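Visitor: Sharing structure-v5.cif below, mmCIF, C-alpha atoms:
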```
data_final
loop_
_atom_site.group_PDB
_atom_site.id
_atom_site.type_symbol
_atom_site.label_atom_id
_atom_site.label_comp_id
_atom_site.auth_asym_id
_atom_site.auth_seq_id
_atom_site.Cartn_x
_atom_site.Cartn_y
_atom_site.Cartn_z
ATOM 1 C CA MET A 1 1.041 -21.473 -74.708
ATOM 2 C CA SER A 2 3.383 -19.960 -72.156
ATOM 3 C CA THR A 3 6.495 -21.579 -70.741
ATOM 4 C CA GLU A 4 6.308 -23.298 -67.373
ATOM 5 C CA GLN A 5 8.823 -22.235 -64.741
ATOM 6 C CA ALA A 6 9.636 -25.915 -64.184
ATOM 7 C CA PHE A 7 11.014 -26.072 -67.741
ATOM 8 C CA VAL A 8 13.346 -23.121 -67.143
ATOM 9 C CA GLU A 9 14.469 -24.623 -63.841
ATOM 10 C CA TYR A 10 15.189 -27.880 -65.707
ATOM 11 C CA VAL A 11 17.370 -25.974 -68.211
ATOM 12 C CA GLN A 12 19.164 -24.289 -65.308
ATOM 13 C CA SER A 13 19.762 -27.650 -63.624
ATOM 14 C CA GLN A 14 20.702 -29.463 -66.821
ATOM 15 C CA SER A 15 23.282 -26.813 -67.735
ATOM 16 C CA GLY A 16 25.117 -27.250 -64.444
ATOM 17 C CA LEU A 17 25.520 -23.476 -64.216
ATOM 18 C CA GLY A 18 23.420 -23.148 -61.079
ATOM 19 C CA HIS A 19 22.689 -19.606 -59.932
ATOM 20 C CA HIS A 20 24.946 -18.172 -62.672
ATOM 21 C CA LEU A 21 22.198 -18.920 -65.211
ATOM 22 C CA THR A 22 19.287 -16.749 -64.172
ATOM 23 C CA PHE A 23 15.922 -16.125 -65.764
ATOM 24 C CA LYS A 24 13.257 -13.477 -65.872
ATOM 25 C CA LYS A 25 9.641 -13.960 -66.888
ATOM 26 C CA MET A 26 8.514 -11.721 -69.722
ATOM 27 C CA PHE A 27 5.107 -11.895 -71.392
ATOM 28 C CA GLY A 28 4.554 -15.499 -70.277
ATOM 29 C CA GLU A 29 7.940 -16.602 -71.615
ATOM 30 C CA TYR A 30 11.447 -16.368 -70.135
ATOM 31 C CA ALA A 31 14.750 -14.687 -70.930
ATOM 32 C CA LEU A 32 17.818 -16.575 -69.674
ATOM 33 C CA TYR A 33 20.845 -14.580 -68.529
ATOM 34 C CA LEU A 34 24.442 -15.645 -68.083
ATOM 35 C CA HIS A 35 27.024 -13.152 -66.793
ATOM 36 C CA GLY A 36 24.571 -10.276 -67.337
ATOM 37 C CA ARG A 37 23.872 -11.160 -70.969
ATOM 38 C CA VAL A 38 20.652 -12.541 -72.446
ATOM 39 C CA VAL A 39 21.842 -15.819 -73.981
ATOM 40 C CA ALA A 40 18.558 -17.591 -74.678
ATOM 41 C CA PHE A 41 14.791 -17.501 -74.552
ATOM 42 C CA ALA A 42 12.427 -20.177 -73.320
ATOM 43 C CA CYS A 43 9.216 -20.023 -75.339
ATOM 44 C CA ASP A 44 6.477 -22.658 -75.398
ATOM 45 C CA ASN A 45 8.694 -24.934 -73.282
ATOM 46 C CA GLN A 46 11.424 -24.882 -75.940
ATOM 47 C CA LEU A 47 14.919 -23.411 -75.563
ATOM 48 C CA TYR A 48 16.157 -20.911 -78.168
ATOM 49 C CA LEU A 49 19.832 -19.923 -78.016
ATOM 50 C CA LYS A 50 20.914 -16.549 -79.394
ATOM 51 C CA PRO A 51 22.637 -17.199 -82.709
ATOM 52 C CA THR A 52 26.409 -16.674 -82.807
ATOM 53 C CA GLU A 53 29.072 -18.297 -84.949
ATOM 54 C CA GLU A 54 30.796 -19.428 -81.751
ATOM 55 C CA GLY A 55 27.607 -21.142 -80.548
ATOM 56 C CA ARG A 56 27.154 -22.776 -83.940
ATOM 57 C CA SER A 57 30.667 -24.228 -83.725
ATOM 58 C CA VAL A 58 29.853 -25.814 -80.341
ATOM 59 C CA LEU A 59 26.500 -27.202 -81.429
ATOM 60 C CA GLY A 60 27.443 -28.351 -84.926
ATOM 61 C CA HIS A 61 24.242 -28.818 -86.889
ATOM 62 C CA VAL A 62 21.624 -26.370 -85.644
ATOM 63 C CA SER A 63 17.915 -26.082 -86.251
ATOM 64 C CA GLU A 64 16.964 -22.414 -86.670
ATOM 65 C CA HIS A 65 13.490 -21.215 -85.711
ATOM 66 C CA PRO A 66 11.930 -17.984 -84.410
ATOM 67 C CA PRO A 67 11.074 -18.238 -80.692
ATOM 68 C CA TYR A 68 7.882 -16.237 -81.269
ATOM 69 C CA PRO A 69 6.070 -14.831 -84.312
ATOM 70 C CA GLY A 70 7.990 -12.018 -85.979
ATOM 71 C CA ALA A 71 11.303 -12.795 -84.237
ATOM 72 C CA LYS A 72 14.601 -13.447 -85.987
ATOM 73 C CA LEU A 73 15.897 -17.004 -86.161
ATOM 74 C CA TYR A 74 17.483 -18.552 -83.071
ATOM 75 C CA PHE A 75 19.131 -21.928 -82.516
ATOM 76 C CA ARG A 76 16.452 -24.240 -81.151
ATOM 77 C CA ILE A 77 18.004 -26.616 -78.640
ATOM 78 C CA ASP A 78 16.351 -30.011 -78.872
ATOM 79 C CA GLU A 79 18.449 -33.168 -78.456
ATOM 80 C CA GLN A 80 21.409 -31.024 -77.336
ATOM 81 C CA MET A 81 19.487 -30.419 -74.102
ATOM 82 C CA GLU A 82 20.265 -33.975 -72.990
ATOM 83 C CA ASP A 83 24.022 -33.473 -73.402
ATOM 84 C CA ARG A 84 24.805 -31.479 -70.250
ATOM 85 C CA GLU A 85 28.381 -30.575 -71.238
ATOM 86 C CA ARG A 86 27.371 -29.442 -74.708
ATOM 87 C CA LEU A 87 24.485 -27.360 -73.326
ATOM 88 C CA ARG A 88 26.735 -25.722 -70.765
ATOM 89 C CA SER A 89 29.434 -25.073 -73.353
ATOM 90 C CA ALA A 90 26.918 -23.593 -75.814
ATOM 91 C CA LEU A 91 25.527 -21.225 -73.157
ATOM 92 C CA GLU A 92 28.967 -20.140 -71.918
ATOM 93 C CA THR A 93 30.375 -19.723 -75.434
ATOM 94 C CA THR A 94 27.372 -17.664 -76.482
ATOM 95 C CA ALA A 95 27.669 -15.436 -73.398
ATOM 96 C CA ARG A 96 31.336 -14.745 -74.167
ATOM 97 C CA ALA A 97 30.489 -13.911 -77.795
ATOM 98 C CA LEU A 98 27.791 -11.378 -76.895
ATOM 99 C CA PRO A 99 28.520 -7.790 -75.878
ATOM 100 C CA LEU A 100 27.696 -6.605 -72.386
ATOM 101 C CA PRO A 101 24.395 -4.724 -72.201
ATOM 102 C CA LYS A 102 24.652 -0.939 -72.247
ATOM 103 C CA PRO A 103 24.247 0.622 -68.800
ATOM 104 C CA LYS A 104 20.850 2.151 -68.213
ATOM 105 C CA PRO A 105 20.762 5.895 -67.618
ATOM 106 C CA ALA A 106 20.066 6.956 -64.053
ATOM 107 C CA THR A 107 16.463 7.811 -63.307
ATOM 108 C CA ARG A 108 15.449 11.080 -61.669
ATOM 109 C CA ALA A 109 14.682 9.253 -58.431
ATOM 110 C CA ALA A 110 18.157 7.702 -58.393
ATOM 111 C CA LYS A 111 19.809 11.041 -59.107
ATOM 112 C CA SER A 112 17.790 12.682 -56.333
ATOM 113 C CA ALA A 113 18.745 9.942 -53.883
ATOM 114 C CA SER A 114 22.384 10.368 -54.880
ATOM 115 C CA PHE A 115 22.271 14.082 -54.082
ATOM 116 C CA LYS A 116 20.625 13.399 -50.724
ATOM 117 C CA ALA A 117 23.142 10.702 -49.810
ATOM 118 C CA THR A 118 26.132 12.926 -50.568
ATOM 119 C CA GLY A 119 24.634 16.025 -48.970
ATOM 120 C CA LYS A 120 24.944 17.979 -52.215
ATOM 121 C CA THR A 121 22.221 20.288 -53.337
ATOM 122 C CA LYS A 122 20.964 20.825 -56.834
ATOM 123 C CA ARG A 123 21.959 24.035 -58.468
ATOM 124 C CA ALA A 124 19.479 26.108 -60.351
ATOM 125 C CA PRO A 125 20.156 26.135 -64.121
#
```
What would you get if you wrote out this structure as structure tokens?

Guide:
Amino acid sequence: MSTEQAFVEYVQSQSGLGHHLTFKKMFGEYALYLHGRVVAFACDNQLYLKPTEEGRSVLGHVSEHPPYPGAKLYFRIDEQMEDRERLRSALETTARALPLPKPKPATRAAKSASFKATGKTKRAP
């Protein structure tokens, strides 16, 4: 069963983070991003927070489950979803604890556009 967009929008609304908490559909499920970091997954209309010690300290007792078969264990957010402040704090704390994603290397098309925009020409090797 895939996750409904309405569920992800509910999480976004419930967290009080507005447009700062974004999501992207992947394989019928969703990745949730905060400040450029993937902080959670929504799978089968359930929220799974990336596991960090900082997130555990905010949530207290956590229930750990894989969001999909073969995945590592994540913190499944159940009753904590109803506590808006706790949900927001867990998402923000997790985002701060996670490293920024590595920048993606420029593609050939982007490099070519860069040369055209600056008026530079490519040199033969």

Visitor: Could you state which residues are captured by the PyMOL selection byres ((chain A and resi 33) around 10) in this file, as a PyMOL selection string?

Guide: chain A and resi 20-24+30-32+34-41+91+95

Visitor: Run the PyMOL selection byres ((chain A and resi 55) around 10) against the file shown and list the residues it catches, as a ChimeraX atom specification.

Guide: /A:49-54,56-60,62,75,89-97

Visitor: What separation in Å, quoted to one decimal, exists between CA of Arg88 in chain A and CA of Gln12 in chain A?

Guide: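 Distance reported for this atom pair: 9.4 Å.
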
Visitor: To one decimal place, how far is CA of Ser2 in chain A from CA of Lys102 in chain A in Å?

Guide: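 Interatomic distance here is 28.5 Å.
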
Visitor: Of the candidates A:Glu79, A:Val11, A:Gln46, A:Phe27, which shows the shortest atom-to-atom distance to Pro66 in chain A, using all atoms listed in the file?

Guide: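 Result for the nearest residue to Pro66 in chain A: A:Gln46.
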
Visitor: Expressed in Å to a single decimal, how great is the separation between CA of His19 in chain A and CA of Ile77 in chain A?

Guide: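 Calculated distance between CA of His19 in chain A and CA of Ile77 in chain A is 20.5 Å.
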
Visitor: From the set A:Met81, A:Leu100, A:Leu87, A:Val8, which residue has the shortest atom-to-atom contact distance to Asp44 in chain A, counting only C-alpha atoms?

Guide: A:Val8

Visitor: With all atoms listed in the file as the atoms that count, which of A:Gly70, A:Ala42, A:Pro99, A:Ser63 lies nearest to Gly28 in chain A?

Guide: A:Ala42
